[in-house]
Amino acid sequence: MNSLYKALTAAGVVALLVVGCKKESRTTTETKEISQETLSKIKSLGFGTADVRKVTEGYLVEGDIVLTDENLDNVPPMGILRVGTSEQYRTTNLVTKLPRTITVTTSGLTQPYIDGTIQTVTRYNNLNLQIKFQYISSGTADITIVGFNQGPSGGYITLGSSGFPTKRGNPYSQVKMNTNQYAYGTNPDPTYVGSVIQHEIGHCIGFRHTDYMDRSYSCGGSASNEGASNVGAVHIPGTPTGPDANSWMLACSNGKDRTFNANDKTALNYLY
Ligand SMILES: [Zn+2]
């Protein structure tokens with residue numbers, strides 16, 4: 001799962017989209033329950049192993065990314081991928097059979113989450129990509145946005161989570177959004193909620209965190225290098241290798257609406 005995290009500061013509410021679960025003792029415990037073999041696979045895909053959590057669908061890494069068993073068993077051949085440093089990375093699997101329309105729906109969520117989903121669909125479609133999104137109010141969709149209710153832990157709260165495309169070239173099928181009041185408040189701002197959904201959908205179609213090499217860039221705290229792996233993160237040509245302050249795929253939220261910047265658009269246009 002990808003979970004965008006929000007860090008709860010002493011002052012109150014600086015929201016960070018990503019992932020600092022290292023502070024959670026529960027995480028440490030859970031990490032111990034994960035086999036060495038699994039941790040090795042996670043590492044070989046280029047993800048950190050310090051904050052891995054077992055979840056229903058697989059393993060949650062970097063705070064909001066779910067790696068399924070299929071992801072773990074789909075390690076690409078070494079040597080064909082180039083590692084970038086800090087900007088615009090994609091996974092080895094992408095959504096295929098383009099042009100293509102991906103349907104999106106919500107299940108059991110209130111209006112701000114529905115409005116946020118529609119905002120996400122509109123923003124992606126405004127880019128005129130080969131991949132289009134369509135909101136449907138009922139029926140089975142390619143991606144379903146569902147809720148979960150989880151309070152803060154260790155100074156962070158997870159805003160949402162999702163996963164990466166399947167080997168068969170389909171988008172990850174589920175985005176989970178936190179309905180806990182400490183995530184978005186008692187009266188959620190649909191624009192902010194939508195920007196988190198926009199980020200999670202980015203994972204669903206194959207985007208990794210822009211700052212995956214050092215999440216402290218957006219999350220604060222001390223530098224957290226995700227490890228030495230050179231697979232699973234491919235630098236997208238035409239995008240900078242230096243940090244990019246406003247990317248929609250930064251690991252941690254700034255607590256506000258954040259949409260595509262110019263480099264994000266370059267990356268999306270290159271892939272789709
Ligand atoms: Zn994320």
# chains A, B, ... in the order shown; residues from 1 in each chain; ligands from 1

call {"tool": "residues_around", "arguments": {"residues": "Asn128 of chain A", "least_positions_apart": "5", "cutoff": "10 Å", "atoms": "only C-alpha atoms", "output": "JSON, numbers by chain"}}
result
{"A": [123, 268, 269, 272]}

call {"tool": "residues_around", "arguments": {"residues": "Ser35 of chain A", "least_positions_apart": "4", "cutoff": "12 Å", "atoms": "only C-alpha atoms", "output": "mmCIF file with N, CA, C and O atoms, in the first residue's frame"}}
result
data_model
loop_
_atom_site.group_PDB
_atom_site.id
_atom_site.type_symbol
_atom_site.label_atom_id
_atom_site.label_comp_id
_atom_site.auth_asym_id
_atom_site.auth_seq_id
_atom_site.Cartn_x
_atom_site.Cartn_y
_atom_site.Cartn_z
ATOM 1 N N GLU A 30 5.914 -5.659 13.814
ATOM 2 C CA GLU A 30 5.383 -6.310 12.631
ATOM 3 C C GLU A 30 6.477 -6.673 11.645
ATOM 4 O O GLU A 30 6.416 -7.688 10.982
ATOM 5 N N THR A 31 7.488 -5.802 11.567
ATOM 6 C CA THR A 31 8.588 -6.087 10.658
ATOM 7 C C THR A 31 9.252 -7.410 11.028
ATOM 8 O O THR A 31 9.633 -8.189 10.172
ATOM 9 N N LEU A 39 11.600 -9.716 3.014
ATOM 10 C CA LEU A 39 12.329 -8.445 3.138
ATOM 11 C C LEU A 39 13.378 -8.312 2.037
ATOM 12 O O LEU A 39 13.580 -7.231 1.489
ATOM 13 N N SER A 40 14.011 -9.419 1.684
ATOM 14 C CA SER A 40 15.005 -9.387 0.607
ATOM 15 C C SER A 40 14.362 -9.024 -0.719
ATOM 16 O O SER A 40 14.915 -8.257 -1.507
ATOM 17 N N LYS A 41 13.188 -9.581 -0.957
ATOM 18 C CA LYS A 41 12.478 -9.271 -2.204
ATOM 19 C C LYS A 41 12.085 -7.792 -2.251
ATOM 20 O O LYS A 41 12.199 -7.138 -3.282
ATOM 21 N N ILE A 42 11.623 -7.296 -1.112
ATOM 22 C CA ILE A 42 11.234 -5.887 -1.045
ATOM 23 C C ILE A 42 12.439 -5.003 -1.328
ATOM 24 O O ILE A 42 12.378 -4.057 -2.109
ATOM 25 N N THR A 49 13.297 -1.342 3.905
ATOM 26 C CA THR A 49 12.733 -2.436 4.682
ATOM 27 C C THR A 49 12.573 -2.070 6.150
ATOM 28 O O THR A 49 12.221 -2.902 6.979
ATOM 29 N N VAL A 52 8.289 -1.735 6.946
ATOM 30 C CA VAL A 52 7.369 -2.610 6.228
ATOM 31 C C VAL A 52 6.269 -3.088 7.173
ATOM 32 O O VAL A 52 6.534 -3.461 8.308
ATOM 33 N N ARG A 53 5.041 -3.052 6.702
ATOM 34 C CA ARG A 53 3.929 -3.574 7.497
ATOM 35 C C ARG A 53 3.168 -4.618 6.696
ATOM 36 O O ARG A 53 2.921 -4.446 5.517
ATOM 37 N N LYS A 54 2.781 -5.671 7.373
ATOM 38 C CA LYS A 54 1.924 -6.668 6.730
ATOM 39 C C LYS A 54 0.503 -6.124 6.697
ATOM 40 O O LYS A 54 -0.008 -5.668 7.709
ATOM 41 N N TYR A 59 2.136 -6.165 1.494
ATOM 42 C CA TYR A 59 3.027 -5.458 2.414
ATOM 43 C C TYR A 59 2.993 -3.972 2.112
ATOM 44 O O TYR A 59 3.099 -3.562 0.956
#

call {"tool": "closest_residue", "arguments": {"among": "A:Gln150, A:Thr210, A:Thr56, A:Thr96", "to": "Gln181 of chain A", "atoms": "only C-alpha atoms"}}
result
A:Gln150

call {"tool": "closest_residue", "arguments": {"among": "A:Tyr182, A:Tyr172, A:Phe164, A:Phe47", "to": "Thr103 of chain A", "atoms": "only C-alpha atoms"}}
result
A:Tyr172

call {"tool": "residues_around", "arguments": {"residues": "Asp69 of chain A", "least_positions_apart": "4", "cutoff": "10 Å", "atoms": "only C-alpha atoms", "output": "PyMOL selection string"}}
result
chain A and resi 38+41+57-59+73-74

call {"tool": "residues_around", "arguments": {"residues": "Asn180 of chain A", "least_positions_apart": "4", "cutoff": "8 Å", "atoms": "only C-alpha atoms", "output": "short mmCIF file (atom, residue, chain, number, x, y, z; two decimals) with N, CA and C atoms, in the first residue's frame"}}
result
data_model
loop_
_atom_site.label_atom_id
_atom_site.label_comp_id
_atom_site.auth_asym_id
_atom_site.auth_seq_id
_atom_site.Cartn_x
_atom_site.Cartn_y
_atom_site.Cartn_z
N PHE A 148 -11.12 3.64 5.15
CA PHE A 148 -10.71 2.91 6.34
C PHE A 148 -10.59 3.96 7.45
N ASN A 149 -10.68 3.51 8.69
CA ASN A 149 -10.64 4.46 9.79
C ASN A 149 -9.50 4.10 10.73
N GLN A 150 -8.46 4.91 10.71
CA GLN A 150 -7.27 4.62 11.52
C GLN A 150 -6.73 5.93 12.09
N GLY A 151 -6.62 5.98 13.39
CA GLY A 151 -6.12 7.18 14.05
C GLY A 151 -4.61 7.33 13.93
N TYR A 184 -8.40 14.21 7.80
CA TYR A 184 -8.87 15.35 7.01
C TYR A 184 -9.80 16.27 7.78
N GLY A 185 -9.97 16.02 9.07
CA GLY A 185 -10.87 16.85 9.86
C GLY A 185 -12.30 16.35 9.80
#

call {"tool": "residues_around", "arguments": {"residues": "segment 134-138 of chain A", "least_positions_apart": "5", "cutoff": "12 Å", "atoms": "only C-alpha atoms", "output": "list in words"}}
result
Arg100, Thr101, Ile102, Thr103, Val104, Thr105, Thr106, Ser107, Gly108, Leu109, Gln111, Ile114, Asp115, Gly116, Thr117, Ile118, Gln119, Thr120, Val121, Thr122, Arg123, Tyr124, Asn125, Ile143, Thr144 and Ile145 of chain A

call {"tool": "select_by_dssp", "arguments": {"residues": "segment 127-257 of chain A", "states": "helix (DSSP H, G or I)", "output": "PyMOL selection string"}}
result
chain A and resi 181-184+190-204+216-219

call {"tool": "closest_residue", "arguments": {"among": "A:Ile65, A:Ala183, A:Leu98, A:Ile131", "to": "ligand 1", "atoms": "only C-alpha atoms and all ligand atoms"}}
result
A:Ile65

call {"tool": "atom_distance", "arguments": {"atom1": "atom CA of Pro152 of chain A", "atom2": "atom CA of Arg208 of chain A"}}
result
24.0 Å
